[in-house]
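Report on the structure given below.
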Amino acid sequence: MLGFLRGPREILFGAGQRHALGTVTASLGSHALICTDARFGRTSDFAGLVGLIEGAGVRVTVFAEALPDVPVHQVEQVAELAAEAGPDVVVGMGGGSCLDLAKAAAVVITHGGRASDYYGELRVPGPVLPVVALPTTAGTGSEVTPVAVLTDPDRVSKVGISSPHLVPHTAVCDPELTLGCPPALTASAGADALSHAIESFTAVRRPATAELGTERVFVGKNELTDMYALRGIRLIAHHLRRAVEVPDDREAREAMMLGATAGGFALGSAGTAAAHALQYPVGALTHTPHGVGVGALLPYVMEYNRPVRVPELAAVAVALGADPGAPPEALADEAIDRTAALLASVGIPSTLAEIGLPADRLRWTAEQSLQAQRLVANNPRPLDVDALERIVRAAHSGDRAALRDDVRPQAPATTAGVR
């Protein structure tokens with residue numbers, strides 16, 4: 001048995017918890033640098049949050065130009081702003097890109113250099129400026145994770161900075177900030193959160209060694225992340241469609257934000273796998289939202305991994321609402337079917353062709369995804385470029401049956417996540 005979990009020092013979760021932001025920020029510094037985007041920066045909610053921080057006696061400098069997928073040059077822009085302003089705490093407000101920008105900027109502000117100096121795993125040399133993360137969407141889980149994902153024009157796919165030092169000091173998760181979030185964004189973010197929970201629950205299980213947590217940022221599935229993953233799957237399965245269809249439903253919004261945070265805890269220690277590796281080049285080619293791409297890929301990756309993850313997929317099926325009395329093999333199939341149906345019900349495309357991936361770039365997509373080794377190595381079933389191309393071709397044509405093998409290796413005997 002192995003349990004491994006990282007997370008913020010504090011998490012404040014629930015309706016109205018944003019009102020603690022001033023006190024939280026003041027406990028960490030006297031000058032806050034806020035990272036947000038232009039849309040949220042124009043809202044009354046943002047003005048109120050800034051007022052809370054200033055009302056607690058904290059000076060505020062605002063960078064309100066964060067762009068989707070965090071172009072790497074913006075990290076340098078924020079660091080240059082910080083060099084003039086001298087903040088001692090960074091506050092990220094908004095979607096996952098705003099939070100990732102705050103986290104990456106905290107690294108460069110603290111340790112100097114350029115963001116590219118820290119690409120990869122465990123390259124941040126020490127603690128960074130404290131980060132307070134306040135999400136306004138329910139998807140990435142970035143408020144609790146040790147990774148910031150960036151877009152670098154010198155690289156085809158997205159890149160990541162992964163380090164325990166990137167975990168925010170405090171997460172303030174107030175679902176009231178997600179009320180009225182547009183249906184398409186709710187669906188994309190929800191698909192992302194669901195993929196985090198399922199991929200971390202079905203990830204590789206590595207041998208339990210005392211060095212595992214210091215050698216890797218993402219250690220694979222384990223007893224502690226499994227609890228969060230299953231909780232996230234249940235919450236998202238029962239509330240995603242309602243949140244999309246009724247944007248102001250408070251119960252659905254609360255459940256989705258809790259599900260996204262739970263998924264963030266799971267992925268932040270266990271890690272994700274093939275669906276995320278493949279989405280990087282898919283997103284680069286199609287310029288579609290991350291959650292749309294990873295959601296389209298998820299059922300196909302589950303199908304590919306099915307032979308070595310029958311017990312885990314059976315547990316996923318039950319979390320999605322299946323009858324727990326059915327045989328594990330049948331439940332494993334049902335997990336994939338239910339996942340595909342849930343995503344389709346909120347408008348996530350069921351094939352890569354639908355999101356515009358060119359048919360002549362399928363092999364290229366597989367080759368590029370192989371470069372995301374931390375994700376490829378986390379997949380429970382071995383991957384090479386041919387296996388990745390097989391997944392991409394099936395996902396492009398919508399043929400999940402093409403991924404079914406006559407030979408199905410026995411999964412290791414385990415009860416993890418089933419009880």
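In the structure tokens, each chain is lettered A, B, ... as it comes, each chain's residues begin at 1, and ligands are numbered from 1 in order of appearance.
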
For segment 256-329 of chain A against segment 133-148 of chain A, with a cut-off of 9 Å and counting only C-alpha atoms, what is the closest atom pair and its distance in Å to one decimal for every residue that makes the cut, ordered by chain and number, as a Markdown table?
| residue | atom | partner | partner_atom | distance |
| --- | --- | --- | --- | --- |
| A:Met256 | CA | A:Ala138 | CA | 5.9 |
| A:Met257 | CA | A:Ala138 | CA | 4.6 |
| A:Leu258 | CA | A:Ala138 | CA | 8.0 |
| A:Gly259 | CA | A:Ala138 | CA | 7.8 |
| A:Ala260 | CA | A:Gly139 | CA | 5.1 |
| A:Thr261 | CA | A:Gly141 | CA | 4.9 |
| A:Ala262 | CA | A:Gly141 | CA | 7.6 |
| A:Gly263 | CA | A:Gly141 | CA | 6.4 |
| A:Gly264 | CA | A:Gly141 | CA | 4.0 |
| A:Phe265 | CA | A:Val144 | CA | 6.2 |
| A:Ala266 | CA | A:Thr145 | CA | 8.9 |
| A:Leu267 | CA | A:Thr145 | CA | 7.4 |
| A:Gly268 | CA | A:Thr145 | CA | 4.6 |
| A:Ser269 | CA | A:Thr145 | CA | 8.0 |
| A:Gly291 | CA | A:Gly139 | CA | 8.1 |

- Message: I'd like the contact shell of segment 384-396 of chain A - 6 Å cut-off, only C-alpha atoms, skipping same-chain residues fewer than 6 positions apart - returned as a ChimeraX atom specification.
- Response: /A:351-353,363,366-367

Writing out the chosen residues with C-alpha atoms as a short mmCIF file (atom, residue, chain, number, x, y, z; two decimals), in the first residue's frame:
data_model
loop_
_atom_site.label_atom_id
_atom_site.label_comp_id
_atom_site.auth_asym_id
_atom_site.auth_seq_id
_atom_site.Cartn_x
_atom_site.Cartn_y
_atom_site.Cartn_z
CA THR A 351 -14.11 12.41 -32.59
CA LEU A 352 -10.95 14.34 -33.37
CA ALA A 353 -12.22 14.89 -36.89
CA ARG A 363 1.18 10.13 -37.27
CA ALA A 366 1.46 10.60 -32.18
CA GLU A 367 5.12 11.54 -32.63
#

- If we count only C-alpha atoms, what is near segment 201-211 of chain A at a cut-off of 9 Å, once residues fewer than 4 positions away on the same chain are taken out, given as a ChimeraX atom specification? /A:1-3,196-197,215-216,219-222,225-230,266-267,270-273,302,305,309,312-313,316,377-381,417

- Message: For the structure I just gave you, how does DSSP split segment 125-274 of chain A - specifically, which residues are strand (DSSP E)? Reply as JSON, numbers by chain.
- Response: {"A": [131, 132, 133, 134, 135, 147, 148, 149, 150, 159, 160, 161, 162, 170, 171, 172, 173]}

Export N, CA and C atoms of the chosen residues as a CSV table (one decimal), in the first residue's frame?
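As written to disk, result-v7.csv reads:
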chain,number,residue,atom,x,y,z
A,131,VAL,N,1.8,32.0,-3.2
A,131,VAL,CA,0.7,32.2,-4.2
A,131,VAL,C,-0.7,31.9,-3.5
A,132,VAL,N,-1.6,32.8,-3.7
A,132,VAL,CA,-3.0,32.6,-3.4
A,132,VAL,C,-3.8,32.4,-4.7
A,133,ALA,N,-4.5,31.2,-4.8
A,133,ALA,CA,-5.2,30.9,-6.0
A,133,ALA,C,-6.7,30.9,-5.8
A,134,LEU,N,-7.4,31.7,-6.6
A,134,LEU,CA,-8.8,31.8,-6.5
A,134,LEU,C,-9.4,31.5,-7.9
A,135,PRO,N,-9.9,30.3,-8.0
A,135,PRO,CA,-10.4,29.9,-9.4
A,135,PRO,C,-11.8,30.5,-9.6
A,147,VAL,N,1.9,22.2,-10.9
A,147,VAL,CA,2.3,22.3,-12.3
A,147,VAL,C,1.7,23.6,-12.9
A,148,ALA,N,2.4,24.3,-13.8
A,148,ALA,CA,1.9,25.4,-14.6
A,148,ALA,C,2.2,25.1,-16.1
A,149,VAL,N,1.2,25.1,-16.9
A,149,VAL,CA,1.3,24.8,-18.3
A,149,VAL,C,1.4,26.0,-19.1
A,150,LEU,N,2.3,26.1,-20.0
A,150,LEU,CA,2.6,27.3,-20.8
A,150,LEU,C,2.6,27.0,-22.3
A,159,VAL,N,4.2,23.3,-22.9
A,159,VAL,CA,5.2,22.8,-22.0
A,159,VAL,C,4.8,23.1,-20.5
A,160,GLY,N,5.4,22.4,-19.6
A,160,GLY,CA,5.0,22.5,-18.2
A,160,GLY,C,6.2,22.8,-17.3
A,161,ILE,N,6.0,23.5,-16.3
A,161,ILE,CA,6.9,23.6,-15.1
A,161,ILE,C,6.3,22.8,-14.0
A,162,SER,N,6.9,21.8,-13.6
A,162,SER,CA,6.4,20.9,-12.6
A,162,SER,C,7.3,20.8,-11.4
A,170,THR,N,-2.2,29.0,-0.6
A,170,THR,CA,-3.6,28.9,-0.2
A,170,THR,C,-4.5,28.9,-1.4
A,171,ALA,N,-5.6,28.1,-1.3
A,171,ALA,CA,-6.6,28.1,-2.4
A,171,ALA,C,-7.9,28.6,-1.7
A,172,VAL,N,-8.5,29.5,-2.4
A,172,VAL,CA,-9.8,30.1,-2.0
A,172,VAL,C,-10.8,29.7,-3.1
A,173,CYS,N,-11.7,28.7,-2.8
A,173,CYS,CA,-12.6,28.2,-3.8
A,173,CYS,C,-14.0,28.5,-3.5

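Each of A:Pro182, A:Gly398, A:Gly120, A:Gly94 was checked against Arg42 of chain A using only C-alpha atoms; the smallest atom-to-atom distance is that of A:Gly94.
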
- From the list A:Leu166, A:Ala340, A:Cys35, A:Ile348, which residue is nearest Ser188 of chain A when using only C-alpha atoms? A:Ile348

- Distance query His238 of chain A at most 10 Å, only C-alpha atoms, self and fewer than 4 positions along chain excluded, as an MDAnalysis selection string: chainID A and resid 233:234 242:243 252 255:256 319:321 342

Could the residues in this selection be written to a file with all heavy atoms, as a PDB file, in the first residue's frame?
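This is the output file again_14.pdb:
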ATOM      1  N   ILE A 233     -15.020  12.013  -9.627  1.00  0.00           N
ATOM      2  CA  ILE A 233     -15.832  11.378 -10.674  1.00  0.00           C
ATOM      3  C   ILE A 233     -17.300  11.393 -10.287  1.00  0.00           C
ATOM      4  O   ILE A 233     -18.175  11.718 -11.099  1.00  0.00           O
ATOM      5  CB  ILE A 233     -15.348   9.935 -10.930  1.00  0.00           C
ATOM      6  CG1 ILE A 233     -13.936   9.944 -11.521  1.00  0.00           C
ATOM      7  CG2 ILE A 233     -16.305   9.209 -11.882  1.00  0.00           C
ATOM      8  CD1 ILE A 233     -13.259   8.584 -11.507  1.00  0.00           C
ATOM      9  N   ARG A 234     -17.606  11.026  -9.052  1.00  0.00           N
ATOM     10  CA  ARG A 234     -19.010  11.000  -8.604  1.00  0.00           C
ATOM     11  C   ARG A 234     -19.648  12.384  -8.701  1.00  0.00           C
ATOM     12  O   ARG A 234     -20.773  12.531  -9.212  1.00  0.00           O
ATOM     13  CB  ARG A 234     -19.092  10.500  -7.162  1.00  0.00           C
ATOM     14  CG  ARG A 234     -18.759   9.035  -6.977  1.00  0.00           C
ATOM     15  CD  ARG A 234     -19.111   8.575  -5.560  1.00  0.00           C
ATOM     16  NE  ARG A 234     -18.573   7.248  -5.302  1.00  0.00           N
ATOM     17  CZ  ARG A 234     -17.451   7.003  -4.651  1.00  0.00           C
ATOM     18  NH1 ARG A 234     -16.733   8.009  -4.173  1.00  0.00           N
ATOM     19  NH2 ARG A 234     -17.036   5.775  -4.467  1.00  0.00           N
ATOM     20  N   ARG A 242     -26.257  19.322 -15.352  1.00  0.00           N
ATOM     21  CA  ARG A 242     -27.102  20.345 -14.738  1.00  0.00           C
ATOM     22  C   ARG A 242     -26.394  21.699 -14.751  1.00  0.00           C
ATOM     23  O   ARG A 242     -27.019  22.732 -15.032  1.00  0.00           O
ATOM     24  CB  ARG A 242     -27.430  19.933 -13.294  1.00  0.00           C
ATOM     25  CG  ARG A 242     -28.245  20.942 -12.512  1.00  0.00           C
ATOM     26  CD  ARG A 242     -29.672  21.024 -12.990  1.00  0.00           C
ATOM     27  NE  ARG A 242     -30.457  21.940 -12.157  1.00  0.00           N
ATOM     28  CZ  ARG A 242     -31.710  22.273 -12.400  1.00  0.00           C
ATOM     29  NH1 ARG A 242     -32.347  21.776 -13.457  1.00  0.00           N
ATOM     30  NH2 ARG A 242     -32.372  23.101 -11.610  1.00  0.00           N
ATOM     31  N   ALA A 243     -25.100  21.708 -14.465  1.00  0.00           N
ATOM     32  CA  ALA A 243     -24.357  22.971 -14.461  1.00  0.00           C
ATOM     33  C   ALA A 243     -24.321  23.594 -15.852  1.00  0.00           C
ATOM     34  O   ALA A 243     -24.369  24.824 -15.993  1.00  0.00           O
ATOM     35  CB  ALA A 243     -22.940  22.741 -13.956  1.00  0.00           C
ATOM     36  N   ALA A 252     -25.334  22.564  -8.266  1.00  0.00           N
ATOM     37  CA  ALA A 252     -24.503  22.007  -9.325  1.00  0.00           C
ATOM     38  C   ALA A 252     -23.141  22.709  -9.373  1.00  0.00           C
ATOM     39  O   ALA A 252     -22.103  22.065  -9.556  1.00  0.00           O
ATOM     40  CB  ALA A 252     -25.208  22.130 -10.678  1.00  0.00           C
ATOM     41  N   ALA A 255     -20.970  21.494  -6.483  1.00  0.00           N
ATOM     42  CA  ALA A 255     -20.484  20.141  -6.720  1.00  0.00           C
ATOM     43  C   ALA A 255     -19.396  20.119  -7.782  1.00  0.00           C
ATOM     44  O   ALA A 255     -18.399  19.389  -7.657  1.00  0.00           O
ATOM     45  CB  ALA A 255     -21.646  19.236  -7.138  1.00  0.00           C
ATOM     46  N   MET A 256     -19.550  20.920  -8.844  1.00  0.00           N
ATOM     47  CA  MET A 256     -18.543  20.938  -9.895  1.00  0.00           C
ATOM     48  C   MET A 256     -17.226  21.531  -9.407  1.00  0.00           C
ATOM     49  O   MET A 256     -16.147  21.040  -9.750  1.00  0.00           O
ATOM     50  CB  MET A 256     -19.063  21.720 -11.107  1.00  0.00           C
ATOM     51  CG  MET A 256     -20.106  20.968 -11.926  1.00  0.00           C
ATOM     52  SD  MET A 256     -19.521  19.356 -12.518  1.00  0.00           S
ATOM     53  CE  MET A 256     -18.105  19.843 -13.481  1.00  0.00           C
ATOM     54  N   ALA A 319     -18.851   4.747  -9.802  1.00  0.00           N
ATOM     55  CA  ALA A 319     -18.843   6.175  -9.471  1.00  0.00           C
ATOM     56  C   ALA A 319     -19.684   6.974 -10.459  1.00  0.00           C
ATOM     57  O   ALA A 319     -20.271   8.007 -10.101  1.00  0.00           O
ATOM     58  CB  ALA A 319     -17.410   6.695  -9.461  1.00  0.00           C
ATOM     59  N   LEU A 320     -19.779   6.487 -11.687  1.00  0.00           N
ATOM     60  CA  LEU A 320     -20.589   7.148 -12.713  1.00  0.00           C
ATOM     61  C   LEU A 320     -22.063   6.769 -12.625  1.00  0.00           C
ATOM     62  O   LEU A 320     -22.875   7.297 -13.387  1.00  0.00           O
ATOM     63  CB  LEU A 320     -20.050   6.796 -14.104  1.00  0.00           C
ATOM     64  CG  LEU A 320     -18.705   7.419 -14.491  1.00  0.00           C
ATOM     65  CD1 LEU A 320     -18.147   6.759 -15.740  1.00  0.00           C
ATOM     66  CD2 LEU A 320     -18.845   8.922 -14.705  1.00  0.00           C
ATOM     67  N   GLY A 321     -22.401   5.844 -11.724  1.00  0.00           N
ATOM     68  CA  GLY A 321     -23.802   5.492 -11.517  1.00  0.00           C
ATOM     69  C   GLY A 321     -24.212   4.109 -11.929  1.00  0.00           C
ATOM     70  O   GLY A 321     -25.398   3.775 -11.902  1.00  0.00           O
ATOM     71  N   LEU A 342     -21.737  10.855 -21.177  1.00  0.00           N
ATOM     72  CA  LEU A 342     -21.785  12.077 -20.374  1.00  0.00           C
ATOM     73  C   LEU A 342     -21.143  13.239 -21.127  1.00  0.00           C
ATOM     74  O   LEU A 342     -21.700  14.347 -21.179  1.00  0.00           O
ATOM     75  CB  LEU A 342     -21.068  11.848 -19.041  1.00  0.00           C
ATOM     76  CG  LEU A 342     -20.896  13.076 -18.145  1.00  0.00           C
ATOM     77  CD1 LEU A 342     -22.253  13.655 -17.749  1.00  0.00           C
ATOM     78  CD2 LEU A 342     -20.068  12.739 -16.903  1.00  0.00           C
TER      79      LEU A 342
END

Test item: residues at most 12 Å from Gly356 of chain A, only C-alpha atoms, excluding those fewer than 4 positions along its chain, as an mmCIF file with N, CA, C and O atoms, in the first residue's frame:
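Output file around.cif is given in full below:
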data_model
loop_
_atom_site.group_PDB
_atom_site.id
_atom_site.type_symbol
_atom_site.label_atom_id
_atom_site.label_comp_id
_atom_site.auth_asym_id
_atom_site.auth_seq_id
_atom_site.Cartn_x
_atom_site.Cartn_y
_atom_site.Cartn_z
ATOM 1 N N VAL A 282 -2.731 17.941 -30.403
ATOM 2 C CA VAL A 282 -4.071 18.153 -30.956
ATOM 3 C C VAL A 282 -4.486 19.606 -30.751
ATOM 4 O O VAL A 282 -4.991 20.275 -31.663
ATOM 5 N N GLY A 283 -4.262 20.131 -29.556
ATOM 6 C CA GLY A 283 -4.608 21.515 -29.280
ATOM 7 C C GLY A 283 -3.792 22.489 -30.101
ATOM 8 O O GLY A 283 -4.301 23.525 -30.558
ATOM 9 N N ALA A 284 -2.505 22.152 -30.313
ATOM 10 C CA ALA A 284 -1.645 23.030 -31.101
ATOM 11 C C ALA A 284 -2.133 23.141 -32.538
ATOM 12 O O ALA A 284 -2.050 24.208 -33.163
ATOM 13 N N LEU A 285 -2.650 22.049 -33.084
ATOM 14 C CA LEU A 285 -3.120 22.045 -34.468
ATOM 15 C C LEU A 285 -4.519 22.623 -34.619
ATOM 16 O O LEU A 285 -4.816 23.301 -35.610
ATOM 17 N N THR A 286 -5.397 22.357 -33.668
ATOM 18 C CA THR A 286 -6.806 22.716 -33.838
ATOM 19 C C THR A 286 -7.197 23.996 -33.116
ATOM 20 O O THR A 286 -8.266 24.556 -33.394
ATOM 21 N N HIS A 287 -6.362 24.444 -32.179
ATOM 22 C CA HIS A 287 -6.648 25.658 -31.405
ATOM 23 C C HIS A 287 -8.001 25.572 -30.709
ATOM 24 O O HIS A 287 -8.751 26.551 -30.633
ATOM 25 N N THR A 288 -8.313 24.389 -30.219
ATOM 26 C CA THR A 288 -9.538 24.180 -29.463
ATOM 27 C C THR A 288 -9.223 24.204 -27.970
ATOM 28 O O THR A 288 -8.087 23.947 -27.559
ATOM 29 N N VAL A 292 -11.950 20.434 -24.316
ATOM 30 C CA VAL A 292 -12.616 19.827 -25.473
ATOM 31 C C VAL A 292 -11.749 18.726 -26.063
ATOM 32 O O VAL A 292 -12.221 17.618 -26.350
ATOM 33 N N GLY A 293 -10.457 19.007 -26.232
ATOM 34 C CA GLY A 293 -9.573 18.004 -26.809
ATOM 35 C C GLY A 293 -9.390 16.794 -25.917
ATOM 36 O O GLY A 293 -9.472 15.650 -26.374
ATOM 37 N N ALA A 296 -12.573 14.718 -25.811
ATOM 38 C CA ALA A 296 -12.768 13.901 -27.014
ATOM 39 C C ALA A 296 -11.889 12.657 -26.997
ATOM 40 O O ALA A 296 -12.286 11.587 -27.461
ATOM 41 N N PRO A 349 -17.207 17.031 -28.499
ATOM 42 C CA PRO A 349 -17.160 16.208 -29.716
ATOM 43 C C PRO A 349 -16.690 14.791 -29.424
ATOM 44 O O PRO A 349 -15.854 14.573 -28.537
ATOM 45 N N SER A 350 -17.208 13.853 -30.176
ATOM 46 C CA SER A 350 -16.870 12.448 -29.945
ATOM 47 C C SER A 350 -15.725 11.964 -30.820
ATOM 48 O O SER A 350 -15.267 10.831 -30.671
ATOM 49 N N THR A 351 -15.251 12.798 -31.747
ATOM 50 C CA THR A 351 -14.114 12.410 -32.592
ATOM 51 C C THR A 351 -13.168 13.590 -32.758
ATOM 52 O O THR A 351 -13.562 14.759 -32.612
ATOM 53 N N LEU A 352 -11.923 13.285 -33.087
ATOM 54 C CA LEU A 352 -10.946 14.337 -33.369
ATOM 55 C C LEU A 352 -11.208 14.998 -34.715
ATOM 56 O O LEU A 352 -10.814 16.146 -34.928
ATOM 57 N N ASP A 360 -4.199 14.004 -42.353
ATOM 58 C CA ASP A 360 -2.812 13.739 -42.745
ATOM 59 C C ASP A 360 -1.808 14.081 -41.638
ATOM 60 O O ASP A 360 -0.597 14.033 -41.852
ATOM 61 N N ARG A 361 -2.304 14.424 -40.436
ATOM 62 C CA ARG A 361 -1.401 14.762 -39.336
ATOM 63 C C ARG A 361 -1.529 13.795 -38.154
ATOM 64 O O ARG A 361 -1.109 14.129 -37.039
ATOM 65 N N LEU A 362 -2.078 12.622 -38.399
ATOM 66 C CA LEU A 362 -2.305 11.690 -37.292
ATOM 67 C C LEU A 362 -0.991 11.095 -36.782
ATOM 68 O O LEU A 362 -0.770 11.006 -35.567
ATOM 69 N N HIS A 396 -9.938 9.699 -34.215
ATOM 70 C CA HIS A 396 -10.250 10.526 -35.384
ATOM 71 C C HIS A 396 -11.471 9.994 -36.121
ATOM 72 O O HIS A 396 -12.335 10.763 -36.566
ATOM 73 N N SER A 397 -11.557 8.692 -36.241
ATOM 74 C CA SER A 397 -12.661 8.081 -36.988
ATOM 75 C C SER A 397 -13.870 7.762 -36.122
ATOM 76 O O SER A 397 -14.959 7.495 -36.631
#

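Proximity to His169 of chain A was assessed for A:Pro183, A:Pro281, A:Gly295, A:Gly7 counting only C-alpha atoms; the smallest distance is recorded for A:Gly7.
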
- Item | Exercise: Asp152 of chain A partners within 7 Å, only C-alpha atoms, chain neighbours under 3 positions left out, as an NGL selection string | :A and (71-72 or 155 or 158)

- Message: My list of candidates is A:Val58, A:Met93, A:Ala315, A:Ala402. Which is closest to Asp174 of chain A when distances are computed with only C-alpha atoms?
- Response: A:Met93

- Taking the DSSP assignment computed from this structure's backbone, write out as number ranges by chain all residues of segment 11-154 of chain A that belong to helix (DSSP H, G or I). A: 17-26, 38-41, 44-55, 72-85, 96-111, 115-118, 142-144

- Task: Compile the contact shell of segment 323-330 of chain A as a list in words: residues with an atom at most 7 Å away, counting only C-alpha atoms, same-chain residues fewer than 5 positions apart removed.
- Result: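 Near neighbours after the sequence-gap exclusion: Val310, Pro311, Ala314 and Val318 of chain A.
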
- Message: I need the residue nearest Val75 of chain A from this list: A:Glu223, A:Val50, A:Leu101, A:Gly92. Use only C-alpha atoms for the distance.
- Response: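 Of A:Glu223, A:Val50, A:Leu101, A:Gly92, the one nearest Val75 of chain A, counting only C-alpha atoms, is A:Leu101.
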
- Task: Can you work out which one of A:Thr214, A:Ser97, A:Gln279, A:Thr25 has the shortest atom-to-atom distance to Leu297 of chain A, counting only C-alpha atoms?
- Result: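 Once distances to Leu297 of chain A are computed over only C-alpha atoms, the minimum belongs to A:Gln279.
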